[in-house]
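What follows is one structure encoded as structure tokens, with my remarks underneath.
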Amino acid sequence: MSKINCIGVLTSGGDAPGMNAAIRAVTRAAIFNGFRVKGIYRGYKGMLTDEIVEFKTQNVSNIIQMGGTILKTARCKEFQTPEGRKQAYDNLVKEGIDALVVIGGDGSLTGARVFATEYNFPIVGLPGTIDNDLYGTDMTIGYDTALNTIMQCVDKIRDTATSHERLFFIEVMGRDAGFLALNGAIATGCEAAIIPEISTEVDQLAELIQNGFRKSKNSSIVLVAESPITGGAMGLAERVKNEYPQYDVRVSILGHLQRGGSPTATDRILASRMGAAAIDALLEDQRNVMIGVHNDEIVYVPFFKAIKNDKPIDRTLLKTLRTLSI
């Protein structure tokens with residue numbers, strides 16, 4: 001491997017609270033170890049358009065508490081083409097960047113893997129996504145903050161649900177993963193969580209109704225993962241209207257509320273540890289790996305495993321939710 005002198009850092013895909021803490025950690029850990037650092041604005045698009053700026057320690061001062069990403073993020077269809085990736089590579093060479101740290105989710109790391117393989121370029125990934133759906137890490141950057149945001153919102157909705165004796169479907173993010181819905185339901189004392197991981201096994205709505213979800217309660221709240229597999233909160237509400245018209249149903253879609261906000265201590269610490277570990281990985285001649293945390297220990301997860309393998313839910317949590325919702 002050729003000697004690394006300058007490291008580029010970018011954020012890509014959906015923003016997640018804690019990304020700024022990760023940018024700060026990557027920048028300062030790199031400088032501490034004698035590397036130069038360049039921030040790449042707007043993700044892979046910025047690699048193509050050469051939106052690249054030298055970063056010093058002061059560039060990342062007072063950002064650890066900020067949500068979003070100071071480096072911005074953008075979609076880039078051009079990067080999906082060989083011509084686009086060639087242009088990106090040429091810009092990295094022009095800027096003297098020898099290695100990359102990519103902070104993002106599944107799609108971002110997929111792009112990183114293709115680029116790294118095509119140009120034999122050292123890249124380390126950090127799992128930045130509120131969905132917590134990347135294999136090989138117990139937690140992703142942003143997940144804890146999003147979970148806390150969901151908890152605060154559901155607590156407020158419960159006040160009105162109780163007052164009006166209604167069934168509320170609250171839709172949360174997660175794409176094809178039910179981590180936010182399942183753990184959010186446990187944290188807020190919900191009656192159920194409807195998640196994509198078991199939607200093909202059972203009719204979760206029918207099971208909810210048949211189990212007598214109202215029981216002794218005067219209101220019920222169900223968290224629904226946004227996945228098309230579950231039908232989403234609107235789809236489920238329509239089913240209730242048609243199949244169980246005796247119930248008064250309301251829908252709340254939390255949407256991008258879940259992405260914003262100042263990161264929790266957990267996310268700030270996780271992002272800081274992972275950012276510093278990314279530089280350690282490059283010092284150890286690692287490439288094509290994602291930094292993960294397993295049993296509170298830093299681990300290196302090959303891109304192909306992080307991207308290709310589905311992260312399983314803990315099914316004991318489903319049992320816990322059912323047990324506690326009586």
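Ligands are numbered from 1 in the order shown, residues from 1 within each chain, and chains are lettered A, B, ... in the order they appear in the structure tokens.
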
Can you list, as a ChimeraX atom specification, all residues belonging to segment 34-258 of chain A that DSSP tags as strand (DSSP E or B)?
-> /A:36-40,52-55,99-104,123-128,141,167-172,192-194,220-225,249-253

Sorted by chain and rising residue number, which residues of segment 20-126 of chain A lie within 7 Å of segment 258-272 of chain A, and what are their closest atom pairs and distances in Å to one decimal, counting only C-alpha atoms, as CSV?
residue,atom,partner,partner_atom,distance
A:Ala21,CA,A:Ala271,CA,5.7
A:Ala22,CA,A:Ala271,CA,4.6
A:Ala25,CA,A:Ser272,CA,5.1
A:Ile64,CA,A:Arg268,CA,6.9
A:Gln65,CA,A:Ser262,CA,5.6
A:Met66,CA,A:Ser262,CA,5.2
A:Gly67,CA,A:Ser262,CA,4.8
A:Gly68,CA,A:Gly260,CA,6.5

Asp296 of chain A proximity check over A:Asp138, A:Asp15, A:Glu118, A:Asp98, using only C-alpha atoms: winner is A:Asp138

Of the candidates A:Leu321, A:Asn211, A:Gly125, A:Asp133, which shows the shortest atom-to-atom distance to Tyr300 of chain A, using only C-alpha atoms?
->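 Between A:Leu321, A:Asn211, A:Gly125, A:Asp133, the residue approaching Tyr300 of chain A most closely is A:Gly125.
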
Name the residues in contact with Ala206 of chain A at a cut-off of 12 Å, using only C-alpha atoms, excluding same-chain residues fewer than 6 positions from it; report them as number ranges by chain.
-> A: 192, 194, 199, 212-213, 236, 239-240, 243-244

Would you save the residues from that selection as a short mmCIF file (atom, residue, chain, number, x, y, z; two decimals), in the first residue's frame, using C-alpha atoms?
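Listed below is the output, part28.cif:
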data_model
loop_
_atom_site.label_atom_id
_atom_site.label_comp_id
_atom_site.auth_asym_id
_atom_site.auth_seq_id
_atom_site.Cartn_x
_atom_site.Cartn_y
_atom_site.Cartn_z
CA ALA A 192 -47.85 -3.31 19.54
CA ILE A 194 -45.97 -3.64 13.22
CA SER A 199 -45.06 -9.21 8.14
CA GLY A 212 -58.38 -7.82 21.98
CA PHE A 213 -55.98 -4.88 21.88
CA LEU A 236 -53.31 -0.12 8.04
CA ARG A 239 -57.78 -1.73 6.50
CA VAL A 240 -59.27 -1.01 9.92
CA GLU A 243 -62.51 -4.57 8.09
CA TYR A 244 -63.09 -3.29 11.64
#

Neighbour list for Pro196 of chain A as a PyMOL selection string, cut-off 10 Å, only C-alpha atoms, skip fewer than 3 positions in-chain = chain A and resi 174-179+181+193+199-201+204+224-232

Serialized selection, C-alpha atoms, as a PDB file, in the first residue's frame:
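Just written: again18.pdb:
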ATOM      1  CA  GLY A 174     -36.676   2.532   9.350  1.00  0.00           C
ATOM      2  CA  ARG A 175     -37.153   1.666   5.687  1.00  0.00           C
ATOM      3  CA  ASP A 176     -37.164  -2.141   5.669  1.00  0.00           C
ATOM      4  CA  ALA A 177     -36.024  -2.470   9.281  1.00  0.00           C
ATOM      5  CA  GLY A 178     -38.233  -2.483  12.369  1.00  0.00           C
ATOM      6  CA  PHE A 179     -35.682  -1.471  15.008  1.00  0.00           C
ATOM      7  CA  ALA A 181     -40.699   0.731  15.679  1.00  0.00           C
ATOM      8  CA  ALA A 193     -45.275  -2.686  16.817  1.00  0.00           C
ATOM      9  CA  SER A 199     -45.062  -9.213   8.143  1.00  0.00           C
ATOM     10  CA  THR A 200     -44.623 -12.174   5.828  1.00  0.00           C
ATOM     11  CA  GLU A 201     -45.098 -14.609   8.727  1.00  0.00           C
ATOM     12  CA  GLN A 204     -49.983  -8.428  12.393  1.00  0.00           C
ATOM     13  CA  VAL A 224     -45.727   1.048  12.428  1.00  0.00           C
ATOM     14  CA  ALA A 225     -42.523   0.820  10.403  1.00  0.00           C
ATOM     15  CA  GLU A 226     -42.800   2.866   7.202  1.00  0.00           C
ATOM     16  CA  SER A 227     -41.925  -0.100   4.964  1.00  0.00           C
ATOM     17  CA  PRO A 228     -44.225  -0.974   2.056  1.00  0.00           C
ATOM     18  CA  ILE A 229     -44.141  -4.526   3.439  1.00  0.00           C
ATOM     19  CA  THR A 230     -46.215  -3.385   6.435  1.00  0.00           C
ATOM     20  CA  GLY A 231     -48.463  -1.152   4.347  1.00  0.00           C
ATOM     21  CA  GLY A 232     -47.519   1.843   6.461  1.00  0.00           C
TER      22      GLY A 232
END

Atomic separation - atom CA of Asp314 of chain A relative to atom CA of Glu197 of chain A, Å =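 Calculated distance between atom CA of Glu197 of chain A and atom CA of Asp314 of chain A is 10.5 Å.
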
Write out as an MDAnalysis selection string the residues lying within 6 Å of segment 50-56 of chain A, counting only C-alpha atoms and excluding same-chain residues fewer than 2 positions away.
-> chainID A and resid 37:41 46:48 58:59

Since we have the selection now, will you write its residues out, keeping N, CA and C atoms, as a PDB file, in the first residue's frame?
ATOM      1  N   VAL A  37      -6.237  16.638   6.276  1.00  0.00           N
ATOM      2  CA  VAL A  37      -7.642  16.255   6.131  1.00  0.00           C
ATOM      3  C   VAL A  37      -8.327  17.229   5.174  1.00  0.00           C
ATOM      4  N   LYS A  38      -9.169  16.678   4.314  1.00  0.00           N
ATOM      5  CA  LYS A  38      -9.987  17.520   3.437  1.00  0.00           C
ATOM      6  C   LYS A  38     -11.450  17.104   3.548  1.00  0.00           C
ATOM      7  N   GLY A  39     -12.311  18.086   3.780  1.00  0.00           N
ATOM      8  CA  GLY A  39     -13.739  17.844   3.833  1.00  0.00           C
ATOM      9  C   GLY A  39     -14.330  17.905   2.440  1.00  0.00           C
ATOM     10  N   ILE A  40     -15.151  16.913   2.102  1.00  0.00           N
ATOM     11  CA  ILE A  40     -15.795  16.851   0.782  1.00  0.00           C
ATOM     12  C   ILE A  40     -17.272  17.170   0.977  1.00  0.00           C
ATOM     13  N   TYR A  41     -17.713  18.274   0.413  1.00  0.00           N
ATOM     14  CA  TYR A  41     -19.089  18.722   0.595  1.00  0.00           C
ATOM     15  C   TYR A  41     -20.037  17.996  -0.360  1.00  0.00           C
ATOM     16  N   GLY A  46     -20.046  16.013  -4.428  1.00  0.00           N
ATOM     17  CA  GLY A  46     -18.933  16.930  -4.217  1.00  0.00           C
ATOM     18  C   GLY A  46     -17.609  16.395  -4.724  1.00  0.00           C
ATOM     19  N   MET A  47     -17.476  15.052  -4.771  1.00  0.00           N
ATOM     20  CA  MET A  47     -16.271  14.466  -5.358  1.00  0.00           C
ATOM     21  C   MET A  47     -16.219  14.739  -6.857  1.00  0.00           C
ATOM     22  N   LEU A  48     -17.395  14.740  -7.487  1.00  0.00           N
ATOM     23  CA  LEU A  48     -17.443  15.003  -8.924  1.00  0.00           C
ATOM     24  C   LEU A  48     -17.260  16.478  -9.254  1.00  0.00           C
ATOM     25  N   GLN A  58      -9.869  23.788  13.786  1.00  0.00           N
ATOM     26  CA  GLN A  58     -10.922  24.787  14.045  1.00  0.00           C
ATOM     27  C   GLN A  58     -12.140  24.622  13.141  1.00  0.00           C
ATOM     28  N   ASN A  59     -11.988  23.935  12.006  1.00  0.00           N
ATOM     29  CA  ASN A  59     -13.139  23.700  11.123  1.00  0.00           C
ATOM     30  C   ASN A  59     -14.207  22.845  11.783  1.00  0.00           C
TER      31      ASN A  59
END

Pick from A:Pro127, A:Gly111, A:Gly292, A:Pro122, whichever lies nearest to Phe79 of chain A using only C-alpha atoms =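 Ranking A:Pro127, A:Gly111, A:Gly292, A:Pro122 by distance to Phe79 of chain A, first place goes to A:Gly111.
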
Taking only C-alpha atoms into account, which of A:Asn33, A:Gln152, A:Asn20, A:Asn132 comes nearest Asn5 of chain A?
-> A:Asn33

Using only C-alpha atoms, which residue out of A:Gln210, A:Leu134, A:Leu92, A:Ala30 lies closest to Ala277 of chain A?
->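 Looking at the shortest contact to Ala277 of chain A, the residue is A:Ala30.
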